[in-house]
>>> print(open('target07.txt').read())   # compact mmCIF, C-alpha atoms
# COMPACT_ATOMS: atom_id res chain seq x y z
CA MET I 16 -16.68 -17.72 11.54
CA THR I 17 -19.50 -20.22 11.91
CA THR I 18 -18.96 -22.94 9.31
CA ARG I 19 -18.12 -26.49 10.36
CA THR I 20 -15.63 -26.92 7.54
CA CYS I 21 -12.15 -26.42 8.98
CA GLN I 22 -10.44 -23.23 7.82
CA LEU I 23 -7.07 -21.54 8.21
CA TYR I 24 -6.48 -18.83 10.82
CA LEU I 25 -3.14 -17.11 10.24
CA ILE I 26 -1.22 -15.43 13.09
CA SER I 27 1.41 -12.82 12.34
CA PRO I 28 5.04 -13.07 13.40
CA LEU I 29 6.09 -10.44 15.94
CA ASP I 30 7.99 -8.51 13.24
CA VAL I 31 5.47 -7.21 10.71
CA GLY I 32 7.63 -4.41 9.30
CA GLY I 33 9.91 -4.45 6.27
CA ASP I 34 8.69 -6.75 3.51
CA PHE I 35 6.04 -8.42 5.65
CA PRO I 36 3.07 -6.84 3.84
CA ALA I 37 4.29 -8.47 0.62
CA ARG I 38 4.63 -11.80 2.40
CA LEU I 39 1.09 -11.49 3.76
CA GLU I 40 -0.19 -10.71 0.27
CA GLU I 41 1.60 -13.81 -0.99
CA ALA I 42 0.04 -15.98 1.73
CA LEU I 43 -3.52 -14.70 1.28
CA SER I 44 -3.29 -14.97 -2.50
CA ALA I 45 -2.36 -18.67 -2.32
CA ALA I 46 -5.60 -20.08 -0.90
CA PRO I 47 -8.53 -18.92 1.26
CA VAL I 48 -7.59 -17.78 4.79
CA ALA I 49 -10.51 -17.11 7.12
CA ALA I 50 -8.76 -14.81 9.57
CA PHE I 51 -5.46 -13.05 10.23
CA GLN I 52 -4.40 -12.17 13.76
CA PHE I 53 -2.23 -9.07 14.16
CA ARG I 54 0.15 -9.91 17.01
CA VAL I 55 2.87 -7.42 17.92
CA LYS I 56 4.57 -6.83 21.26
CA GLY I 57 6.45 -3.94 22.81
CA VAL I 58 5.27 -1.15 20.50
CA ASP I 59 2.97 1.73 21.39
CA GLN I 60 -0.52 1.98 19.97
CA HIS I 61 0.43 4.65 17.42
CA GLU I 62 3.22 2.47 15.99
CA ALA I 63 1.01 -0.61 16.09
CA ALA I 64 -1.66 1.25 14.12
CA ARG I 65 0.93 2.34 11.54
CA LEU I 66 2.11 -1.24 11.11
CA ALA I 67 -1.43 -2.55 10.95
CA GLU I 68 -2.71 -0.21 8.24
CA PRO I 69 -1.28 -1.95 5.14
CA LEU I 70 -1.97 -5.40 6.58
CA GLN I 71 -5.59 -4.52 7.29
CA ALA I 72 -6.02 -3.34 3.70
CA ILE I 73 -4.57 -6.60 2.35
CA CYS I 74 -6.91 -8.63 4.55
CA ALA I 75 -9.91 -6.59 3.40
CA ALA I 76 -8.99 -7.18 -0.24
CA HIS I 77 -8.94 -10.93 0.36
CA GLU I 78 -12.05 -11.00 2.59
CA THR I 79 -9.93 -12.23 5.48
CA ALA I 80 -11.06 -11.15 8.95
CA PHE I 81 -8.51 -8.87 10.65
CA ILE I 82 -8.25 -9.78 14.35
CA VAL I 83 -6.13 -7.86 16.88
CA ASN I 84 -4.31 -9.87 19.53
CA ASP I 85 -4.82 -8.91 23.20
CA ASP I 86 -5.60 -5.20 22.78
CA MET I 87 -9.26 -4.12 22.82
CA ALA I 88 -8.37 -0.44 22.57
CA LEU I 89 -6.24 -1.01 19.47
CA ALA I 90 -8.95 -3.15 17.90
CA ARG I 91 -11.41 -0.33 18.46
CA ARG I 92 -9.03 2.29 17.06
CA LEU I 93 -8.46 0.21 13.91
CA ARG I 94 -12.11 -0.77 13.61
CA ALA I 95 -10.78 -4.28 13.33
CA ASP I 96 -13.07 -7.23 12.66
CA GLY I 97 -12.38 -8.52 16.14
CA VAL I 98 -10.04 -9.15 19.04
CA HIS I 99 -8.42 -12.25 20.49
CA LEU I 100 -8.10 -12.24 24.27
CA GLY I 101 -5.67 -14.31 26.26
CA GLN I 102 -6.49 -15.19 29.84
CA GLY I 103 -5.86 -11.92 31.69
CA ASP I 104 -6.31 -9.68 28.63
CA GLY I 105 -9.82 -8.62 29.50
CA ASP I 106 -13.42 -9.74 29.65
CA PRO I 107 -15.30 -10.73 26.48
CA LYS I 108 -18.26 -8.72 27.78
CA GLU I 109 -16.09 -5.58 27.94
CA ALA I 110 -14.76 -6.31 24.45
CA ARG I 111 -18.32 -6.62 23.18
CA ARG I 112 -19.26 -3.31 24.78
CA LEU I 113 -16.26 -1.57 23.21
CA LEU I 114 -16.32 -3.21 19.77
CA GLY I 115 -20.00 -3.73 19.13
CA PRO I 116 -22.29 -6.62 18.25
CA ASP I 117 -20.56 -7.59 14.99
CA ALA I 118 -17.01 -7.97 16.36
CA GLN I 119 -15.46 -11.43 16.43
CA ILE I 120 -14.25 -12.07 19.96
CA GLY I 121 -12.01 -15.04 20.65
CA VAL I 122 -10.65 -16.31 23.93
CA THR I 123 -7.62 -18.47 24.69
CA CYS I 124 -8.73 -21.40 26.85
CA HIS I 125 -5.51 -23.48 26.87
CA ALA I 126 -6.55 -27.05 27.73
CA SER I 127 -9.37 -26.06 30.08
CA ARG I 128 -12.96 -27.15 29.54
CA HIS I 129 -13.99 -24.82 32.36
CA LEU I 130 -12.37 -21.74 30.79
CA ALA I 131 -13.95 -22.57 27.44
CA MET I 132 -17.43 -22.84 28.93
CA GLU I 133 -16.88 -19.57 30.83
CA ALA I 134 -15.80 -17.85 27.59
CA GLY I 135 -18.88 -19.09 25.81
CA GLU I 136 -21.14 -17.87 28.59
CA ALA I 137 -19.40 -14.47 28.48
CA GLY I 138 -20.29 -14.07 24.81
CA ALA I 139 -17.14 -15.16 22.97
CA ASP I 140 -17.55 -15.98 19.27
CA TYR I 141 -14.91 -18.70 19.37
CA VAL I 142 -12.66 -20.48 21.85
CA ALA I 143 -9.04 -21.45 21.23
CA PHE I 144 -7.44 -24.61 22.62
CA GLY I 145 -3.73 -25.48 22.69
CA ALA I 146 -0.88 -25.93 22.43
CA PHE I 147 -1.35 -29.28 20.74
CA PHE I 148 2.24 -29.68 19.55
CA PRO I 149 5.64 -28.17 20.48
CA THR I 150 6.03 -24.64 19.14
CA THR I 151 8.76 -22.01 19.05
CA THR I 152 6.33 -19.12 18.43
CA LYS I 153 5.76 -18.55 22.14
CA ALA I 154 6.49 -20.19 25.48
CA VAL I 155 4.10 -23.08 26.07
CA GLU I 156 2.74 -23.72 29.55
CA HIS I 157 -0.37 -25.64 28.55
CA HIS I 158 -0.60 -28.79 26.46
CA ALA I 159 -3.95 -29.82 25.00
CA ASP I 160 -5.09 -33.22 23.75
CA PRO I 161 -7.08 -33.40 20.49
CA GLU I 162 -9.85 -35.11 22.45
CA ILE I 163 -10.85 -31.72 23.90
CA LEU I 164 -11.87 -30.63 20.39
CA THR I 165 -14.10 -33.68 20.02
CA TRP I 166 -15.64 -33.04 23.43
CA TRP I 167 -16.34 -29.41 22.56
CA GLN I 168 -17.91 -30.21 19.20
CA GLY I 169 -20.19 -32.77 20.81
CA LEU I 170 -21.69 -30.24 23.19
CA PHE I 171 -21.42 -26.72 21.76
CA GLU I 172 -22.19 -24.84 18.56
CA LEU I 173 -19.49 -22.23 19.20
CA PRO I 174 -16.50 -22.69 16.85
CA CYS I 175 -13.19 -23.88 18.29
CA VAL I 176 -9.68 -22.99 17.15
CA ALA I 177 -6.70 -25.31 17.51
CA ILE I 178 -3.32 -23.66 18.07
CA GLY I 179 0.26 -24.60 18.82
CA GLY I 180 2.89 -26.19 16.60
CA ILE I 181 0.47 -27.07 13.81
CA THR I 182 2.00 -28.07 10.47
CA PRO I 183 0.55 -29.60 7.29
CA ALA I 184 1.94 -32.94 8.51
CA ASN I 185 0.01 -33.00 11.80
CA ALA I 186 -3.02 -30.83 10.91
CA GLY I 187 -5.21 -33.71 9.79
CA GLU I 188 -5.37 -35.13 13.29
CA LEU I 189 -6.87 -31.89 14.62
CA VAL I 190 -9.34 -31.58 11.75
CA ASP I 191 -10.48 -35.15 12.42
CA ALA I 192 -10.86 -34.32 16.13
CA GLY I 193 -13.21 -31.42 15.33
CA ALA I 194 -11.25 -28.18 14.96
CA ASP I 195 -13.16 -25.48 13.10
CA PHE I 196 -10.03 -23.40 12.56
CA LEU I 197 -6.31 -24.15 12.58
CA ALA I 198 -4.30 -21.22 13.96
CA VAL I 199 -0.84 -21.28 12.40
CA SER I 200 2.16 -18.98 12.43
CA GLY I 201 5.69 -20.39 12.27
CA ALA I 202 4.69 -23.18 9.88
CA VAL I 203 3.75 -20.51 7.33
CA TRP I 204 6.23 -17.68 7.89
CA ASN I 205 9.24 -20.00 8.35
CA HIS I 206 8.36 -22.42 5.55
CA GLU I 207 11.35 -23.08 3.32
CA GLY I 208 9.22 -22.67 0.21
CA GLY I 209 7.73 -19.37 1.36
CA PRO I 210 4.32 -18.48 2.81
CA ALA I 211 2.33 -19.23 -0.35
CA ALA I 212 3.67 -22.79 -0.51
CA ALA I 213 2.82 -23.27 3.16
CA VAL I 214 -0.73 -21.98 2.79
CA ARG I 215 -1.27 -24.21 -0.25
CA ALA I 216 -0.01 -27.20 1.74
CA PHE I 217 -2.48 -26.48 4.54
CA ALA I 218 -5.27 -25.94 2.00
CA ALA I 219 -4.59 -29.36 0.51
CA VAL I 220 -4.96 -30.97 3.94
CA LEU I 221 -8.18 -29.08 4.66
CA GLU I 222 -9.70 -29.82 1.26
CA GLY I 223 -8.94 -33.49 1.71
CA GLN I 224 -10.92 -33.68 4.92
CA PRO I 225 -14.68 -34.08 5.22
CA ALA I 226 -16.53 -31.24 6.93
CA GLY I 227 -16.66 -31.73 10.67
>>> encode(input="target07.txt", output="structure tokens")
Amino acid sequence: MTTRTCQLYLISPLDVGGDFPARLEEALSAAPVAAFQFRVKGVDQHEAARLAEPLQAICAAHETAFIVNDDMALARRLRADGVHLGQGDGDPKEARRLLGPDAQIGVTCHASRHLAMEAGEAGADYVAFGAFFPTTTKAVEHHADPEILTWWQGLFELPCVAIGGITPANAGELVDAGADFLAVSGAVWNHEGGPAAAVRAFAAVLEGQPAG
């Protein structure tokens, strides 16, 4: 995840059972998706691993990085491509020790320049800023301004991810500001036309933008 062309970073809904593997296949078949974050809550590691197995295979088939949310131990068990750490979910240095030199390690930095610089110094592979827009995916305590993306791009090589309420209608603003990745969830899984239509809509926005 090093290119300066903005790419899509898909985050799972909390319910990834039932027909979700088919919906993920539909989404990843529609247009290129750089990464998929496996985000489940309130299940034990054994159940999480069972749910992850088919999704990880789908991601591998589409050359989409499979990233585990919050849980370094689960990421190690699954031999996932990486882990995404919220503030309080662990140290990037510990994640690197557990997961090895090739793992993609991301860190949530909210709207904080200080947290982002700390994450970079600790060895993160990308930093995530947000929320930029209102979202129903999770409770939002931190609101970021697109200017933080421009600031980051002007000073650092490390990729940055924009997250929070992003839709095809407002994505262009974040691409223009300097986002390397757009992390999206509800705008894809709740799209009235289905996940493939949503991914194609995002792809059209990204393809219409010059590389940052």
>>> atom_distance(input="target07.txt", atom1="atom CA of I:Val155", atom2="atom CA of I:Ala110")
25.3 Å
>>> closest_residue(input="target07.txt", among="I:Phe35, I:Trp204, I:Phe148, I:Phe196", to="I:Ala177", atoms="all atoms listed in the file")
I:Phe196
>>> residues_around(input="target07.txt", residues="stretch 210-212 of chain I", least_positions_apart="3", cutoff="9 Å", atoms="all atoms listed in the file", output="PDB file with C-alpha atoms, keeping the file's coordinate frame")
ATOM      1  CA  ARG I  38       4.630 -11.800   2.400  1.00  0.00           C
ATOM      2  CA  LEU I  39       1.090 -11.490   3.760  1.00  0.00           C
ATOM      3  CA  GLU I  40      -0.190 -10.710   0.270  1.00  0.00           C
ATOM      4  CA  GLU I  41       1.600 -13.810  -0.990  1.00  0.00           C
ATOM      5  CA  ALA I  42       0.040 -15.980   1.730  1.00  0.00           C
ATOM      6  CA  LEU I  43      -3.520 -14.700   1.280  1.00  0.00           C
ATOM      7  CA  SER I  44      -3.290 -14.970  -2.500  1.00  0.00           C
ATOM      8  CA  ALA I  45      -2.360 -18.670  -2.320  1.00  0.00           C
ATOM      9  CA  ALA I  46      -5.600 -20.080  -0.900  1.00  0.00           C
ATOM     10  CA  ALA I 202       4.690 -23.180   9.880  1.00  0.00           C
ATOM     11  CA  VAL I 203       3.750 -20.510   7.330  1.00  0.00           C
ATOM     12  CA  TRP I 204       6.230 -17.680   7.890  1.00  0.00           C
ATOM     13  CA  ASN I 205       9.240 -20.000   8.350  1.00  0.00           C
ATOM     14  CA  HIS I 206       8.360 -22.420   5.550  1.00  0.00           C
ATOM     15  CA  GLU I 207      11.350 -23.080   3.320  1.00  0.00           C
ATOM     16  CA  ARG I 215      -1.270 -24.210  -0.250  1.00  0.00           C
ATOM     17  CA  ALA I 216      -0.010 -27.200   1.740  1.00  0.00           C
ATOM     18  CA  PHE I 217      -2.480 -26.480   4.540  1.00  0.00           C
TER      19      PHE I 217
END
>>> closest_residue(input="target07.txt", among="I:Val199, I:Leu89, I:Ile163, I:Cys74", to="I:Glu62", atoms="all atoms listed in the file")
I:Leu89
>>> residues_near_point(input="target07.txt", point="(-12.8, -14.3, 23.3)", cutoff="8 Å", atoms="all atoms listed in the file", output="list in words")
Val98, His99, Leu100, Gly101, Asp106, Pro107, Gln119, Ile120, Gly121, Val122, Thr123, Ala134, Gly138, Ala139, Asp140, Tyr141 and Val142 of chain I
>>> atom_distance(input="target07.txt", atom1="atom CA of I:Leu197", atom2="atom CA of I:Glu133")
21.6 Å
>>> atom_distance(input="target07.txt", atom1="atom CA of I:Ala159", atom2="atom CA of I:Phe144")
6.7 Å
>>> closest_residue(input="target07.txt", among="I:Pro28, I:Pro161, I:Gly193, I:Gly33", to="I:Arg54", atoms="all atoms listed in the file")
I:Pro28
>>> residues_around(input="target07.txt", residues="I:Gly32", least_positions_apart="3", cutoff="12 Å", atoms="only C-alpha atoms", output="list in words")
Ser27, Pro28, Leu29, Phe35, Pro36, Ala37, Arg38, Leu39, Phe53, Val55, Val58, Glu62, Ala63, Ala64, Arg65, Leu66, Ala67, Glu68, Pro69 and Leu70 of chain I
>>> residues_near_point(input="target07.txt", point="(-12.5, -36.7, 10.9)", cutoff="12 Å", atoms="all atoms listed in the file", output="short mmCIF file (atom, residue, chain, number, x, y, z; two decimals) with C-alpha atoms, keeping the file's coordinate frame")
data_model
loop_
_atom_site.label_atom_id
_atom_site.label_comp_id
_atom_site.auth_asym_id
_atom_site.auth_seq_id
_atom_site.Cartn_x
_atom_site.Cartn_y
_atom_site.Cartn_z
CA ARG I 19 -18.12 -26.49 10.36
CA THR I 20 -15.63 -26.92 7.54
CA CYS I 21 -12.15 -26.42 8.98
CA PRO I 161 -7.08 -33.40 20.49
CA GLU I 162 -9.85 -35.11 22.45
CA LEU I 164 -11.87 -30.63 20.39
CA THR I 165 -14.10 -33.68 20.02
CA GLN I 168 -17.91 -30.21 19.20
CA ALA I 186 -3.02 -30.83 10.91
CA GLY I 187 -5.21 -33.71 9.79
CA GLU I 188 -5.37 -35.13 13.29
CA LEU I 189 -6.87 -31.89 14.62
CA VAL I 190 -9.34 -31.58 11.75
CA ASP I 191 -10.48 -35.15 12.42
CA ALA I 192 -10.86 -34.32 16.13
CA GLY I 193 -13.21 -31.42 15.33
CA ALA I 194 -11.25 -28.18 14.96
CA ASP I 195 -13.16 -25.48 13.10
CA VAL I 220 -4.96 -30.97 3.94
CA LEU I 221 -8.18 -29.08 4.66
CA GLY I 223 -8.94 -33.49 1.71
CA GLN I 224 -10.92 -33.68 4.92
CA PRO I 225 -14.68 -34.08 5.22
CA ALA I 226 -16.53 -31.24 6.93
CA GLY I 227 -16.66 -31.73 10.67
#
>>> closest_residue(input="target07.txt", among="I:Trp166, I:Tyr24, I:Phe51, I:Phe81", to="I:Ile178", atoms="only C-alpha atoms")
I:Tyr24
>>> closest_residue(input="target07.txt", among="I:His125, I:Ala50, I:Thr79, I:Glu109", to="I:Ala137", atoms="all atoms listed in the file")
I:Glu109
>>> closest_residue(input="target07.txt", among="I:Ile26, I:Leu93, I:Leu114, I:Cys175", to="I:Gly201", atoms="all atoms listed in the file")
I:Ile26
>>> build_atoms(input="target07.txt", residues="stretch 177-189 of chain I", atoms="N, CA, C and O atoms", output="tab-separated table (two decimals), in the frame of the given file")
chain	number	residue	atom	x	y	z
I	177	ALA	N	-7.85	-24.56	17.01
I	177	ALA	CA	-6.70	-25.31	17.51
I	177	ALA	C	-5.44	-24.51	17.23
I	177	ALA	O	-5.28	-23.94	16.15
I	178	ILE	N	-4.53	-24.47	18.21
I	178	ILE	CA	-3.32	-23.66	18.07
I	178	ILE	C	-2.14	-24.39	18.70
I	178	ILE	O	-2.30	-25.18	19.63
I	179	GLY	N	-0.95	-24.10	18.17
I	179	GLY	CA	0.26	-24.60	18.82
I	179	GLY	C	1.00	-25.66	18.03
I	179	GLY	O	0.64	-26.83	18.08
I	180	GLY	N	2.01	-25.24	17.28
I	180	GLY	CA	2.89	-26.19	16.60
I	180	GLY	C	2.25	-26.94	15.45
I	180	GLY	O	2.73	-28.01	15.05
I	181	ILE	N	1.20	-26.37	14.87
I	181	ILE	CA	0.47	-27.07	13.81
I	181	ILE	C	1.20	-26.92	12.48
I	181	ILE	O	1.59	-25.81	12.09
I	182	THR	N	1.37	-28.03	11.78
I	182	THR	CA	2.00	-28.07	10.47
I	182	THR	C	1.09	-28.85	9.52
I	182	THR	O	0.17	-29.56	9.96
I	183	PRO	N	1.35	-28.78	8.21
I	183	PRO	CA	0.55	-29.60	7.29
I	183	PRO	C	0.65	-31.09	7.62
I	183	PRO	O	-0.29	-31.84	7.36
I	184	ALA	N	1.75	-31.52	8.21
I	184	ALA	CA	1.94	-32.94	8.51
I	184	ALA	C	1.08	-33.42	9.66
I	184	ALA	O	0.66	-34.59	9.70
I	185	ASN	N	0.80	-32.55	10.64
I	185	ASN	CA	0.01	-33.00	11.80
I	185	ASN	C	-1.39	-32.39	11.85
I	185	ASN	O	-2.18	-32.71	12.74
I	186	ALA	N	-1.74	-31.54	10.88
I	186	ALA	CA	-3.02	-30.83	10.91
I	186	ALA	C	-4.21	-31.76	10.80
I	186	ALA	O	-5.26	-31.52	11.42
I	187	GLY	N	-4.08	-32.82	10.03
I	187	GLY	CA	-5.21	-33.71	9.79
I	187	GLY	C	-5.79	-34.29	11.06
I	187	GLY	O	-7.02	-34.46	11.19
I	188	GLU	N	-4.93	-34.57	12.02
I	188	GLU	CA	-5.37	-35.13	13.29
I	188	GLU	C	-6.32	-34.18	14.02
I	188	GLU	O	-7.32	-34.60	14.62
I	189	LEU	N	-6.04	-32.88	13.94
I	189	LEU	CA	-6.87	-31.89	14.62
I	189	LEU	C	-8.17	-31.64	13.86
I	189	LEU	O	-9.22	-31.41	14.47
